[in-house]
$ cat coords_35.pdb   # PDB, C-alpha atoms and all ligand atoms
ATOM      1  CA  MET A  16      13.847 -26.583 -25.732
ATOM      2  CA  ILE A  17      14.103 -24.565 -22.540
ATOM      3  CA  THR A  18      15.338 -21.000 -22.550
ATOM      4  CA  ALA A  19      15.800 -18.928 -19.447
ATOM      5  CA  THR A  20      14.645 -15.313 -19.251
ATOM      6  CA  ALA A  21      15.597 -13.123 -16.272
ATOM      7  CA  SER A  22      13.884 -15.500 -13.869
ATOM      8  CA  THR A  23      11.233 -17.486 -15.724
ATOM      9  CA  LEU A  24      11.801 -20.588 -17.815
ATOM     10  CA  THR A  25       9.754 -20.859 -20.989
ATOM     11  CA  MET A  26       7.657 -23.916 -21.767
ATOM     12  CA  ASN A  27       6.907 -25.429 -25.150
ATOM     13  CA  GLU A  28       3.287 -25.741 -26.303
ATOM     14  CA  ASP A  29       3.135 -29.507 -26.125
ATOM     15  CA  ILE A  30       4.452 -29.700 -22.569
ATOM     16  CA  PHE A  31       2.187 -26.801 -21.599
ATOM     17  CA  LYS A  32      -0.874 -28.736 -22.760
ATOM     18  CA  GLN A  33       0.212 -31.902 -20.967
ATOM     19  CA  LEU A  34       0.964 -30.057 -17.731
ATOM     20  CA  ARG A  35      -2.292 -28.125 -17.995
ATOM     21  CA  ASP A  36      -4.225 -31.387 -18.462
ATOM     22  CA  PHE A  37      -2.442 -32.998 -15.521
ATOM     23  CA  ILE A  38      -3.349 -30.047 -13.287
ATOM     24  CA  TYR A  39      -6.934 -30.095 -14.511
ATOM     25  CA  GLU A  40      -7.361 -33.808 -13.797
ATOM     26  CA  LYS A  41      -6.047 -33.371 -10.272
ATOM     27  CA  THR A  42      -7.728 -30.101  -9.266
ATOM     28  CA  GLY A  43     -10.442 -28.997 -11.704
ATOM     29  CA  ILE A  44      -8.413 -25.827 -12.316
ATOM     30  CA  TYR A  45      -8.404 -25.144 -16.047
ATOM     31  CA  VAL A  46      -5.598 -23.104 -17.551
ATOM     32  CA  PRO A  47      -6.736 -21.766 -20.959
ATOM     33  CA  ASP A  48      -4.563 -21.936 -24.097
ATOM     34  CA  ASN A  49      -3.559 -18.274 -23.862
ATOM     35  CA  LYS A  50      -2.248 -18.564 -20.306
ATOM     36  CA  LYS A  51       0.970 -20.505 -20.808
ATOM     37  CA  TYR A  52       2.731 -17.617 -19.053
ATOM     38  CA  PHE A  53       0.663 -18.409 -15.932
ATOM     39  CA  LEU A  54       2.165 -21.897 -15.625
ATOM     40  CA  GLU A  55       5.629 -20.573 -16.486
ATOM     41  CA  ASN A  56       5.362 -18.004 -13.701
ATOM     42  CA  ARG A  57       4.047 -20.453 -11.165
ATOM     43  CA  LEU A  58       6.186 -23.507 -11.920
ATOM     44  CA  SER A  59       9.537 -22.111 -12.992
ATOM     45  CA  ARG A  60      10.805 -21.906  -9.438
ATOM     46  CA  ILE A  61      10.040 -25.552  -8.659
ATOM     47  CA  VAL A  62      11.811 -26.692 -11.836
ATOM     48  CA  LYS A  63      14.910 -24.707 -10.863
ATOM     49  CA  GLU A  64      14.917 -25.626  -7.184
ATOM     50  CA  LYS A  65      14.496 -29.312  -7.897
ATOM     51  CA  ASN A  66      17.156 -29.193 -10.598
ATOM     52  CA  PHE A  67      14.972 -30.623 -13.327
ATOM     53  CA  ARG A  68      16.386 -30.130 -16.808
ATOM     54  CA  GLY A  69      13.110 -28.495 -17.787
ATOM     55  CA  TYR A  70       9.310 -28.749 -17.584
ATOM     56  CA  GLU A  71       9.298 -32.011 -19.505
ATOM     57  CA  ASP A  72      11.288 -33.719 -16.768
ATOM     58  CA  TYR A  73       9.086 -32.132 -14.131
ATOM     59  CA  LEU A  74       5.969 -33.418 -15.893
ATOM     60  CA  HIS A  75       7.441 -36.910 -16.102
ATOM     61  CA  PHE A  76       8.308 -36.747 -12.403
ATOM     62  CA  LEU A  77       4.778 -35.601 -11.523
ATOM     63  CA  LYS A  78       3.224 -38.383 -13.562
ATOM     64  CA  TYR A  79       5.394 -41.295 -12.507
ATOM     65  CA  SER A  80       7.310 -40.711  -9.307
ATOM     66  CA  ALA A  81       5.973 -37.749  -7.360
ATOM     67  CA  GLN A  82       5.117 -38.306  -3.707
ATOM     68  CA  ARG A  83       2.236 -36.715  -1.824
ATOM     69  CA  ASN A  84       4.332 -33.711  -0.776
ATOM     70  CA  ASP A  85       5.426 -33.082  -4.389
ATOM     71  CA  ILE A  86       1.799 -32.954  -5.501
ATOM     72  CA  ALA A  87       1.051 -30.694  -2.524
ATOM     73  CA  ARG A  88       3.842 -28.367  -3.654
ATOM     74  CA  LEU A  89       2.283 -28.250  -7.126
ATOM     75  CA  PHE A  90      -1.122 -27.370  -5.621
ATOM     76  CA  ASP A  91       0.456 -24.609  -3.523
ATOM     77  CA  ALA A  92       2.131 -23.207  -6.633
ATOM     78  CA  ILE A  93      -0.838 -23.147  -8.972
ATOM     79  CA  THR A  94      -3.611 -21.951  -6.666
ATOM     80  CA  THR A  95      -4.614 -18.306  -6.276
ATOM     81  CA  ASN A  96      -5.310 -17.575  -2.642
ATOM     82  CA  GLU A  97      -6.544 -13.964  -2.561
ATOM     83  CA  THR A  98      -8.941 -13.416   0.356
ATOM     84  CA  PHE A  99      -9.720 -11.052   3.249
ATOM     85  CA  PHE A 100     -12.070 -10.737   6.210
ATOM     86  CA  PHE A 101     -15.671  -9.680   5.526
ATOM     87  CA  ARG A 102     -15.219 -10.091   1.769
ATOM     88  CA  GLU A 103     -18.541  -9.532  -0.040
ATOM     89  CA  PRO A 104     -20.212  -8.354   3.184
ATOM     90  CA  GLN A 105     -23.782  -8.323   1.790
ATOM     91  CA  GLN A 106     -23.643 -12.122   1.716
ATOM     92  CA  PHE A 107     -22.634 -12.250   5.381
ATOM     93  CA  GLU A 108     -25.541  -9.931   6.268
ATOM     94  CA  VAL A 109     -28.032 -12.205   4.557
ATOM     95  CA  PHE A 110     -26.385 -15.201   6.195
ATOM     96  CA  SER A 111     -26.567 -13.631   9.639
ATOM     97  CA  ASN A 112     -29.952 -11.871   9.463
ATOM     98  CA  ASN A 113     -31.966 -14.205   7.252
ATOM     99  CA  LEU A 114     -30.469 -17.680   7.024
ATOM    100  CA  VAL A 115     -29.162 -18.311  10.531
ATOM    101  CA  PRO A 116     -32.458 -17.565  12.348
ATOM    102  CA  GLN A 117     -34.348 -19.731   9.835
ATOM    103  CA  ILE A 118     -31.868 -22.590  10.129
ATOM    104  CA  ILE A 119     -31.894 -22.543  13.925
ATOM    105  CA  LYS A 120     -35.687 -22.627  13.955
ATOM    106  CA  GLU A 121     -35.778 -25.579  11.559
ATOM    107  CA  ASN A 122     -32.960 -27.458  13.246
ATOM    108  CA  VAL A 123     -34.500 -27.080  16.710
ATOM    109  CA  GLN A 124     -37.822 -28.343  15.326
ATOM    110  CA  MET A 125     -35.929 -31.401  14.043
ATOM    111  CA  GLY A 126     -34.333 -31.919  17.456
ATOM    112  CA  ARG A 127     -30.930 -30.537  16.354
ATOM    113  CA  LYS A 128     -29.248 -28.026  18.638
ATOM    114  CA  ASP A 129     -26.447 -27.200  16.261
ATOM    115  CA  ILE A 130     -25.538 -25.303  13.118
ATOM    116  CA  LYS A 131     -22.925 -26.575  10.659
ATOM    117  CA  ILE A 132     -21.154 -24.322   8.193
ATOM    118  CA  TRP A 133     -18.512 -25.246   5.623
ATOM    119  CA  SER A 134     -16.101 -22.776   4.055
ATOM    120  CA  ALA A 135     -15.192 -24.926   1.062
ATOM    121  CA  ALA A 136     -12.133 -23.085  -0.298
ATOM    122  CA  CYS A 137     -11.030 -21.190   2.766
ATOM    123  CA  SER A 138      -7.537 -20.105   1.712
ATOM    124  CA  THR A 139      -5.754 -18.496   4.705
ATOM    125  CA  GLY A 140      -8.828 -18.613   6.944
ATOM    126  CA  GLU A 141     -10.350 -15.149   6.712
ATOM    127  CA  GLU A 142     -13.701 -16.487   5.444
ATOM    128  CA  PRO A 143     -14.349 -19.155   8.126
ATOM    129  CA  TYR A 144     -13.106 -16.857  10.894
ATOM    130  CA  THR A 145     -15.450 -14.109   9.653
ATOM    131  CA  ILE A 146     -18.268 -16.658   9.917
ATOM    132  CA  GLY A 147     -17.074 -17.584  13.422
ATOM    133  CA  MET A 148     -17.171 -13.981  14.647
ATOM    134  CA  ILE A 149     -20.619 -13.448  13.133
ATOM    135  CA  LEU A 150     -21.987 -16.546  14.862
ATOM    136  CA  LEU A 151     -20.459 -15.508  18.195
ATOM    137  CA  GLU A 152     -22.258 -12.168  17.974
ATOM    138  CA  LYS A 153     -25.664 -13.810  17.704
ATOM    139  CA  THR A 154     -27.130 -14.099  21.192
ATOM    140  CA  GLU A 155     -29.757 -16.606  20.067
ATOM    141  CA  LEU A 156     -26.928 -19.046  19.337
ATOM    142  CA  VAL A 157     -25.516 -19.101  22.870
ATOM    143  CA  SER A 158     -26.807 -22.598  23.589
ATOM    144  CA  ILE A 159     -26.431 -23.875  20.006
ATOM    145  CA  ARG A 160     -23.360 -25.892  19.002
ATOM    146  CA  LYS A 161     -21.539 -24.019  16.247
ATOM    147  CA  GLU A 162     -19.468 -26.209  13.924
ATOM    148  CA  ILE A 163     -17.385 -24.534  11.236
ATOM    149  CA  TYR A 164     -15.434 -26.681   8.799
ATOM    150  CA  ALA A 165     -12.921 -24.965   6.563
ATOM    151  CA  SER A 166     -10.997 -26.649   3.797
ATOM    152  CA  ASP A 167      -8.640 -26.006   0.941
ATOM    153  CA  ILE A 168      -6.506 -27.993  -1.474
ATOM    154  CA  SER A 169      -3.372 -26.019  -0.602
ATOM    155  CA  GLU A 170      -1.529 -27.177   2.519
ATOM    156  CA  SER A 171       0.474 -23.962   2.813
ATOM    157  CA  VAL A 172      -2.633 -21.761   3.115
ATOM    158  CA  LEU A 173      -4.095 -24.180   5.659
ATOM    159  CA  MET A 174      -0.927 -23.892   7.759
ATOM    160  CA  SER A 175      -1.218 -20.137   7.655
ATOM    161  CA  ALA A 176      -4.951 -20.308   8.486
ATOM    162  CA  ARG A 177      -4.259 -22.372  11.595
ATOM    163  CA  LYS A 178      -1.824 -19.701  12.836
ATOM    164  CA  ALA A 179      -4.536 -17.018  12.504
ATOM    165  CA  MET A 180      -2.149 -14.065  12.329
ATOM    166  CA  TYR A 181      -2.932 -11.392   9.754
ATOM    167  CA  GLY A 182      -1.533  -8.268   8.127
ATOM    168  CA  ASN A 183      -3.203  -4.946   7.299
ATOM    169  CA  TYR A 184      -4.537  -6.069   3.916
ATOM    170  CA  SER A 185      -6.552  -8.946   5.388
ATOM    171  CA  VAL A 186      -8.121  -7.009   8.235
ATOM    172  CA  ARG A 187      -8.909  -3.736   6.471
ATOM    173  CA  ASN A 188     -12.677  -4.402   6.149
ATOM    174  CA  ILE A 189     -13.262  -5.700   9.663
ATOM    175  CA  PRO A 190     -15.793  -3.500  11.512
ATOM    176  CA  PRO A 191     -14.038  -1.710  14.419
ATOM    177  CA  GLN A 192     -16.121  -3.402  17.131
ATOM    178  CA  TYR A 193     -15.071  -6.856  15.851
ATOM    179  CA  MET A 194     -11.462  -5.723  15.589
ATOM    180  CA  ALA A 195     -11.445  -4.521  19.179
ATOM    181  CA  LYS A 196     -13.162  -7.622  20.509
ATOM    182  CA  TYR A 197     -11.470 -10.440  18.595
ATOM    183  CA  PHE A 198      -7.945  -9.255  17.635
ATOM    184  CA  LYS A 199      -4.787  -8.256  19.433
ATOM    185  CA  ASP A 200      -2.380  -5.937  17.627
ATOM    186  CA  SER A 201       1.112  -7.353  17.986
ATOM    187  CA  GLY A 202       3.249  -4.726  16.247
ATOM    188  CA  GLY A 203       1.217  -4.575  13.047
ATOM    189  CA  ILE A 204       0.367  -8.288  13.050
ATOM    190  CA  TYR A 205      -3.234  -8.897  14.070
ATOM    191  CA  VAL A 206      -3.622 -12.007  16.183
ATOM    192  CA  LEU A 207      -7.053 -13.605  16.285
ATOM    193  CA  SER A 208      -8.466 -14.592  19.679
ATOM    194  CA  ASP A 209      -8.510 -18.247  20.701
ATOM    195  CA  ILE A 210     -12.270 -18.207  21.102
ATOM    196  CA  VAL A 211     -12.714 -17.702  17.332
ATOM    197  CA  LYS A 212      -9.761 -19.895  16.389
ATOM    198  CA  SER A 213     -11.151 -22.827  18.331
ATOM    199  CA  MET A 214     -14.459 -22.731  16.443
ATOM    200  CA  VAL A 215     -12.938 -23.716  13.099
ATOM    201  CA  LYS A 216     -11.767 -27.182  12.059
ATOM    202  CA  PHE A 217      -9.376 -27.001   9.090
ATOM    203  CA  MET A 218      -9.109 -29.886   6.643
ATOM    204  CA  ASN A 219      -7.429 -30.589   3.326
ATOM    205  CA  ILE A 220     -10.289 -31.295   0.911
ATOM    206  CA  ASN A 221     -10.112 -31.305  -2.862
ATOM    207  CA  LEU A 222     -13.513 -30.167  -4.151
ATOM    208  CA  ILE A 223     -13.511 -32.601  -7.054
ATOM    209  CA  GLU A 224     -12.549 -35.678  -4.998
ATOM    210  CA  GLU A 225     -15.671 -37.483  -3.884
ATOM    211  CA  LYS A 226     -14.155 -39.386  -1.003
ATOM    212  CA  GLU A 227     -12.559 -36.262   0.442
ATOM    213  CA  VAL A 228     -15.751 -34.180   0.256
ATOM    214  CA  LYS A 229     -17.817 -37.059   1.666
ATOM    215  CA  GLN A 230     -16.070 -36.700   5.033
ATOM    216  CA  LEU A 231     -18.627 -33.972   5.700
ATOM    217  CA  LYS A 232     -22.375 -34.357   5.997
ATOM    218  CA  GLY A 233     -25.499 -32.568   7.235
ATOM    219  CA  ILE A 234     -24.061 -29.118   6.471
ATOM    220  CA  ASP A 235     -26.531 -26.214   6.762
ATOM    221  CA  VAL A 236     -24.648 -23.611   4.704
ATOM    222  CA  VAL A 237     -21.705 -23.931   2.317
ATOM    223  CA  PHE A 238     -19.593 -20.940   1.323
ATOM    224  CA  CYS A 239     -17.854 -21.874  -1.932
ATOM    225  CA  ARG A 240     -16.748 -18.455  -3.070
ATOM    226  CA  ASN A 241     -14.208 -17.394  -5.655
ATOM    227  CA  VAL A 242     -12.905 -20.843  -6.467
ATOM    228  CA  LEU A 243     -15.239 -22.236  -9.143
ATOM    229  CA  ILE A 244     -14.105 -19.362 -11.393
ATOM    230  CA  TYR A 245     -10.874 -21.311 -11.920
ATOM    231  CA  PHE A 246     -12.720 -24.483 -13.026
ATOM    232  CA  ASP A 247     -14.288 -25.357 -16.384
ATOM    233  CA  ASP A 248     -17.977 -26.284 -16.516
ATOM    234  CA  LYS A 249     -17.353 -30.011 -16.158
ATOM    235  CA  ALA A 250     -15.334 -29.546 -12.967
ATOM    236  CA  LYS A 251     -17.839 -26.984 -11.650
ATOM    237  CA  LYS A 252     -20.634 -29.522 -12.134
ATOM    238  CA  LYS A 253     -18.670 -32.172 -10.294
ATOM    239  CA  ALA A 254     -17.846 -29.893  -7.337
ATOM    240  CA  VAL A 255     -21.401 -28.553  -7.101
ATOM    241  CA  SER A 256     -22.903 -32.045  -7.131
ATOM    242  CA  LEU A 257     -20.533 -33.133  -4.337
ATOM    243  CA  ILE A 258     -21.504 -30.032  -2.350
ATOM    244  CA  TYR A 259     -25.157 -30.922  -2.926
ATOM    245  CA  ASP A 260     -24.576 -34.316  -1.321
ATOM    246  CA  VAL A 261     -23.055 -32.946   1.894
ATOM    247  CA  LEU A 262     -25.789 -30.336   2.431
ATOM    248  CA  ARG A 263     -28.787 -31.185   4.578
ATOM    249  CA  PRO A 264     -32.181 -31.003   2.808
ATOM    250  CA  LYS A 265     -32.962 -27.366   1.940
ATOM    251  CA  GLY A 266     -29.408 -26.340   2.852
ATOM    252  CA  TYR A 267     -27.853 -23.216   1.360
ATOM    253  CA  LEU A 268     -24.907 -22.467  -0.900
ATOM    254  CA  PHE A 269     -23.147 -19.148  -1.496
ATOM    255  CA  VAL A 270     -20.852 -18.718  -4.489
ATOM    256  CA  GLY A 271     -18.899 -15.498  -5.094
ATOM    257  CA  THR A 272     -20.975 -12.457  -6.058
ATOM    258  CA  SER A 273     -19.456 -12.455  -9.554
ATOM    259  CA  GLU A 274     -20.179 -16.182 -10.043
ATOM    260  CA  SER A 275     -23.306 -18.002 -11.168
ATOM    261  CA  LEU A 276     -24.526 -21.591 -11.278
ATOM    262  CA  HIS A 277     -26.628 -20.892 -14.345
ATOM    263  CA  ASN A 278     -26.184 -23.861 -16.731
ATOM    264  CA  ILE A 279     -24.249 -25.736 -14.049
ATOM    265  CA  THR A 280     -27.019 -27.246 -11.953
ATOM    266  CA  ARG A 281     -30.766 -27.484 -11.563
ATOM    267  CA  ALA A 282     -30.470 -29.107  -8.188
ATOM    268  CA  PHE A 283     -30.321 -25.720  -6.463
ATOM    269  CA  ARG A 284     -32.950 -22.995  -6.563
ATOM    270  CA  PRO A 285     -31.498 -19.485  -6.755
ATOM    271  CA  THR A 286     -33.282 -17.155  -4.332
ATOM    272  CA  VAL A 287     -32.668 -13.437  -4.047
ATOM    273  CA  ILE A 288     -32.672 -11.987  -0.532
ATOM    274  CA  ASN A 289     -31.852  -8.281  -0.209
ATOM    275  CA  LYS A 290     -30.243  -8.345  -3.671
ATOM    276  CA  VAL A 291     -28.026 -11.281  -2.712
ATOM    277  CA  VAL A 292     -28.312 -14.575  -4.595
ATOM    278  CA  VAL A 293     -28.423 -17.639  -2.369
ATOM    279  CA  TYR A 294     -28.709 -21.156  -3.786
ATOM    280  CA  GLN A 295     -30.985 -23.517  -1.917
ATOM    281  CA  LYS A 296     -30.863 -27.291  -2.269
ATOM    282  CA  VAL A 297     -34.151 -28.516  -3.728
TER     283      VAL A 297
HETATM  284  C1  LIG B   1      -9.346 -17.014  -4.295
HETATM  285  S1  LIG B   1      -9.325 -18.146  -2.960
HETATM  286  C2  LIG B   1     -10.954 -17.874  -2.270
HETATM  287  C3  LIG B   1     -10.918 -17.758  -0.762
HETATM  288  C4  LIG B   1     -12.262 -17.419  -0.127
HETATM  289  N1  LIG B   1     -13.252 -18.426  -0.421
HETATM  290  C5  LIG B   1     -12.739 -16.058  -0.553
HETATM  291  O1  LIG B   1     -13.709 -15.973  -1.322
HETATM  292  O2  LIG B   1     -12.161 -15.058  -0.124
HETATM  293  C6  LIG B   1      -9.521 -19.702  -3.844
HETATM  294  C7  LIG B   1      -9.062 -20.907  -3.040
HETATM  295  O3  LIG B   1      -9.535 -22.098  -3.682
HETATM  296  C8  LIG B   1      -8.588 -23.117  -3.468
HETATM  297  N2  LIG B   1      -8.796 -24.209  -4.438
HETATM  298  C9  LIG B   1      -8.495 -24.225  -5.764
HETATM  299  N3  LIG B   1      -8.835 -25.417  -6.306
HETATM  300  C10 LIG B   1      -9.364 -26.160  -5.304
HETATM  301  C11 LIG B   1      -9.891 -27.478  -5.243
HETATM  302  N4  LIG B   1      -9.933 -28.293  -6.302
HETATM  303  N5  LIG B   1     -10.348 -27.922  -4.046
HETATM  304  C12 LIG B   1     -10.306 -27.126  -2.949
HETATM  305  N6  LIG B   1      -9.815 -25.872  -2.954
HETATM  306  C13 LIG B   1      -9.347 -25.392  -4.111
HETATM  307  C14 LIG B   1      -7.257 -22.397  -3.604
HETATM  308  O4  LIG B   1      -6.199 -23.084  -2.989
HETATM  309  C15 LIG B   1      -7.556 -21.035  -2.974
HETATM  310  O5  LIG B   1      -7.107 -20.975  -1.643
END

$ encode --input "coords_35.pdb" --output "structure tokens"
Amino acid sequence: MITATASTLTMNEDIFKQLRDFIYEKTGIYVPDNKKYFLENRLSRIVKEKNFRGYEDYLHFLKYSAQRNDIARLFDAITTNETFFFREPQQFEVFSNNLVPQIIKENVQMGRKDIKIWSAACSTGEEPYTIGMILLEKTELVSIRKEIYASDISESVLMSARKAMYGNYSVRNIPPQYMAKYFKDSGGIYVLSDIVKSMVKFMNINLIEEKEVKQLKGIDVVFCRNVLIYFDDKAKKKAVSLIYDVLRPKGYLFVGTSESLHNITRAFRPTVINKVVVYQKV
């Protein structure tokens, strides 16, 4: 039975578990037993807007007649998209000062005049654009082709990322010299310069879908930060093994500073550089 509170519809346990399993199968995102309120908060609006009689009808619709855009709407609703520029800056320092010079040296030795980076759950774009600005600041990369791929499962964050217009919250950690060089203040909205925008190719990639991830290959460094925390171990293992396959030999992987791949994979060697853990493909 469905009862309406001020604005949120309540869900019964059985439907909660079925919806939770459906979401898990599609995305790897695991909603634990004690977080029924999370799905109620996120999905109530869709149920009301689409005039379903309740979550049971919505679940039936999702399972048997939803179109691509309906599934996309579900993904938009259930993902958590918190991000900002220069998040976890120690990782970017290690990337810029230690990994990039090493990668360029190795790639040039192999006859490659490029560097390929993938921001694997890019949300509204702050992470790949931070990487873009960092690469632009490195004079040794002037004649190196810089390819940045950025992907997410949520179409609405990708749309916002492509616009590259940001509020105060997103830009608060950007060093002043980057702010002055790469942003224009348009009445409190910070507009990113075209030179950085044009470096990043945005794509819709689900990290647990092999054929979507396989569009990429030969990546030097993957940033997969603050997304695996929403997955259970099985989904983490799947995503990490797909990431492994798109990395070039000895390529690098960053996960969020609060995350670990302990017990998830032995295919990466954790290395500590200046107190930052970097995973290297073995
Ligand atoms: C908290 S944000 C992290 C953004 C950025 N990496 C950072 O650390 O600031 C997590 C992102 O992961 C995305 N996401 C969740 N499940 C995903 C999946 N299965 N495949 C790809 N992206 C996913 C969400 O849409 C969300 O934008």

$ resolve_selection --input "coords_35.pdb" --expression "the PyMOL selection byres (((not hetatm)) within 9 of (chain B and resi 1))" --output "PyMOL selection string"
chain A and resi 39+41-44+90-91+93-103+134-143+166-173+219-224+238-246+250+254+270-271

$ atom_distance --input "coords_35.pdb" --atom1 "atom CA of A:Ser80" --atom2 "atom CA of A:Gln33"
16.2 Å

$ closest_atom_pairs --input "coords_35.pdb" --of "stretch 142-199 of chain A" --to "stretch 205-211 of chain A" --cutoff "9 Å" --atoms "only C-alpha atoms" --output "Markdown table"
| residue | atom | partner | partner_atom | distance |
| --- | --- | --- | --- | --- |
| A:Tyr144 | CA | A:Val211 | CA | 6.5 |
| A:Thr145 | CA | A:Val211 | CA | 8.9 |
| A:Gly147 | CA | A:Val211 | CA | 5.9 |
| A:Met148 | CA | A:Val211 | CA | 6.4 |
| A:Leu151 | CA | A:Val211 | CA | 8.1 |
| A:Lys178 | CA | A:Val206 | CA | 8.6 |
| A:Ala179 | CA | A:Leu207 | CA | 5.7 |
| A:Met180 | CA | A:Val206 | CA | 4.6 |
| A:Tyr181 | CA | A:Tyr205 | CA | 5.0 |
| A:Gly182 | CA | A:Tyr205 | CA | 6.2 |
| A:Asn183 | CA | A:Tyr205 | CA | 7.8 |
| A:Val186 | CA | A:Tyr205 | CA | 7.8 |
| A:Met194 | CA | A:Tyr205 | CA | 8.9 |
| A:Lys196 | CA | A:Ser208 | CA | 8.4 |
| A:Tyr197 | CA | A:Ser208 | CA | 5.2 |
| A:Phe198 | CA | A:Leu207 | CA | 4.6 |
| A:Lys199 | CA | A:Val206 | CA | 5.1 |

$ residues_around --input "coords_35.pdb" --residues "A:Lys50" --least-positions-apart "5" --cutoff "10 Å" --atoms "all atoms listed in the file" --output "PyMOL selection string"
chain A and resi 31+35+45+55

$ resolve_selection --input "coords_35.pdb" --expression "the PyMOL selection byres (((chain A and resi 108) around 12) and not hetatm)" --output "ChimeraX atom specification"
/A:101-107,109-116,145-146,149-150,288-291,293

$ write_last_selection --input "coords_35.pdb" --atoms "C-alpha atoms" --output "PDB file, keeping the file's coordinate frame"
ATOM      1  CA  PHE A 101     -15.671  -9.680   5.526  1.00  0.00           C
ATOM      2  CA  ARG A 102     -15.219 -10.091   1.769  1.00  0.00           C
ATOM      3  CA  GLU A 103     -18.541  -9.532  -0.040  1.00  0.00           C
ATOM      4  CA  PRO A 104     -20.212  -8.354   3.184  1.00  0.00           C
ATOM      5  CA  GLN A 105     -23.782  -8.323   1.790  1.00  0.00           C
ATOM      6  CA  GLN A 106     -23.643 -12.122   1.716  1.00  0.00           C
ATOM      7  CA  PHE A 107     -22.634 -12.250   5.381  1.00  0.00           C
ATOM      8  CA  VAL A 109     -28.032 -12.205   4.557  1.00  0.00           C
ATOM      9  CA  PHE A 110     -26.385 -15.201   6.195  1.00  0.00           C
ATOM     10  CA  SER A 111     -26.567 -13.631   9.639  1.00  0.00           C
ATOM     11  CA  ASN A 112     -29.952 -11.871   9.463  1.00  0.00           C
ATOM     12  CA  ASN A 113     -31.966 -14.205   7.252  1.00  0.00           C
ATOM     13  CA  LEU A 114     -30.469 -17.680   7.024  1.00  0.00           C
ATOM     14  CA  VAL A 115     -29.162 -18.311  10.531  1.00  0.00           C
ATOM     15  CA  PRO A 116     -32.458 -17.565  12.348  1.00  0.00           C
ATOM     16  CA  THR A 145     -15.450 -14.109   9.653  1.00  0.00           C
ATOM     17  CA  ILE A 146     -18.268 -16.658   9.917  1.00  0.00           C
ATOM     18  CA  ILE A 149     -20.619 -13.448  13.133  1.00  0.00           C
ATOM     19  CA  LEU A 150     -21.987 -16.546  14.862  1.00  0.00           C
ATOM     20  CA  ILE A 288     -32.672 -11.987  -0.532  1.00  0.00           C
ATOM     21  CA  ASN A 289     -31.852  -8.281  -0.209  1.00  0.00           C
ATOM     22  CA  LYS A 290     -30.243  -8.345  -3.671  1.00  0.00           C
ATOM     23  CA  VAL A 291     -28.026 -11.281  -2.712  1.00  0.00           C
ATOM     24  CA  VAL A 293     -28.423 -17.639  -2.369  1.00  0.00           C
TER      25      VAL A 293
END

$ closest_residue --input "coords_35.pdb" --among "A:Arg127, A:Arg83, A:Lys63, A:Lys253" --to "A:Glu225" --atoms "all atoms listed in the file"
A:Lys253

$ residues_around --input "coords_35.pdb" --residues "A:Leu276" --least-positions-apart "2" --cutoff "12 Å" --atoms "all atoms listed in the file" --output "PDB file with C-alpha atoms, keeping the file's coordinate frame"
ATOM      1  CA  CYS A 239     -17.854 -21.874  -1.932  1.00  0.00           C
ATOM      2  CA  ARG A 240     -16.748 -18.455  -3.070  1.00  0.00           C
ATOM      3  CA  LEU A 243     -15.239 -22.236  -9.143  1.00  0.00           C
ATOM      4  CA  ILE A 244     -14.105 -19.362 -11.393  1.00  0.00           C
ATOM      5  CA  ASP A 248     -17.977 -26.284 -16.516  1.00  0.00           C
ATOM      6  CA  LYS A 251     -17.839 -26.984 -11.650  1.00  0.00           C
ATOM      7  CA  LYS A 252     -20.634 -29.522 -12.134  1.00  0.00           C
ATOM      8  CA  ALA A 254     -17.846 -29.893  -7.337  1.00  0.00           C
ATOM      9  CA  VAL A 255     -21.401 -28.553  -7.101  1.00  0.00           C
ATOM     10  CA  SER A 256     -22.903 -32.045  -7.131  1.00  0.00           C
ATOM     11  CA  LEU A 268     -24.907 -22.467  -0.900  1.00  0.00           C
ATOM     12  CA  PHE A 269     -23.147 -19.148  -1.496  1.00  0.00           C
ATOM     13  CA  VAL A 270     -20.852 -18.718  -4.489  1.00  0.00           C
ATOM     14  CA  GLY A 271     -18.899 -15.498  -5.094  1.00  0.00           C
ATOM     15  CA  THR A 272     -20.975 -12.457  -6.058  1.00  0.00           C
ATOM     16  CA  SER A 273     -19.456 -12.455  -9.554  1.00  0.00           C
ATOM     17  CA  GLU A 274     -20.179 -16.182 -10.043  1.00  0.00           C
ATOM     18  CA  ASN A 278     -26.184 -23.861 -16.731  1.00  0.00           C
ATOM     19  CA  ILE A 279     -24.249 -25.736 -14.049  1.00  0.00           C
ATOM     20  CA  THR A 280     -27.019 -27.246 -11.953  1.00  0.00           C
ATOM     21  CA  ARG A 281     -30.766 -27.484 -11.563  1.00  0.00           C
ATOM     22  CA  ALA A 282     -30.470 -29.107  -8.188  1.00  0.00           C
ATOM     23  CA  PHE A 283     -30.321 -25.720  -6.463  1.00  0.00           C
ATOM     24  CA  ARG A 284     -32.950 -22.995  -6.563  1.00  0.00           C
ATOM     25  CA  PRO A 285     -31.498 -19.485  -6.755  1.00  0.00           C
ATOM     26  CA  VAL A 292     -28.312 -14.575  -4.595  1.00  0.00           C
ATOM     27  CA  VAL A 293     -28.423 -17.639  -2.369  1.00  0.00           C
ATOM     28  CA  TYR A 294     -28.709 -21.156  -3.786  1.00  0.00           C
ATOM     29  CA  GLN A 295     -30.985 -23.517  -1.917  1.00  0.00           C
TER      30      GLN A 295
END

$ resolve_selection --input "coords_35.pdb" --expression "the PyMOL selection byres (((chain A and resi 214) around 8) and not hetatm)" --output "list in words"
Gly147, Lys161, Glu162, Ile163, Ile210, Val211, Lys212, Ser213, Val215 and Lys216 of chain A

$ axis_aligned_box --input "coords_35.pdb" --around "stretch 83-94 of chain A" --padding-each-side "4 Å" --output "JSON"
{"center_x": 0.9, "center_y": -29.3, "center_z": -4.9, "size_x": 17.0, "size_y": 22.8, "size_z": 16.2}
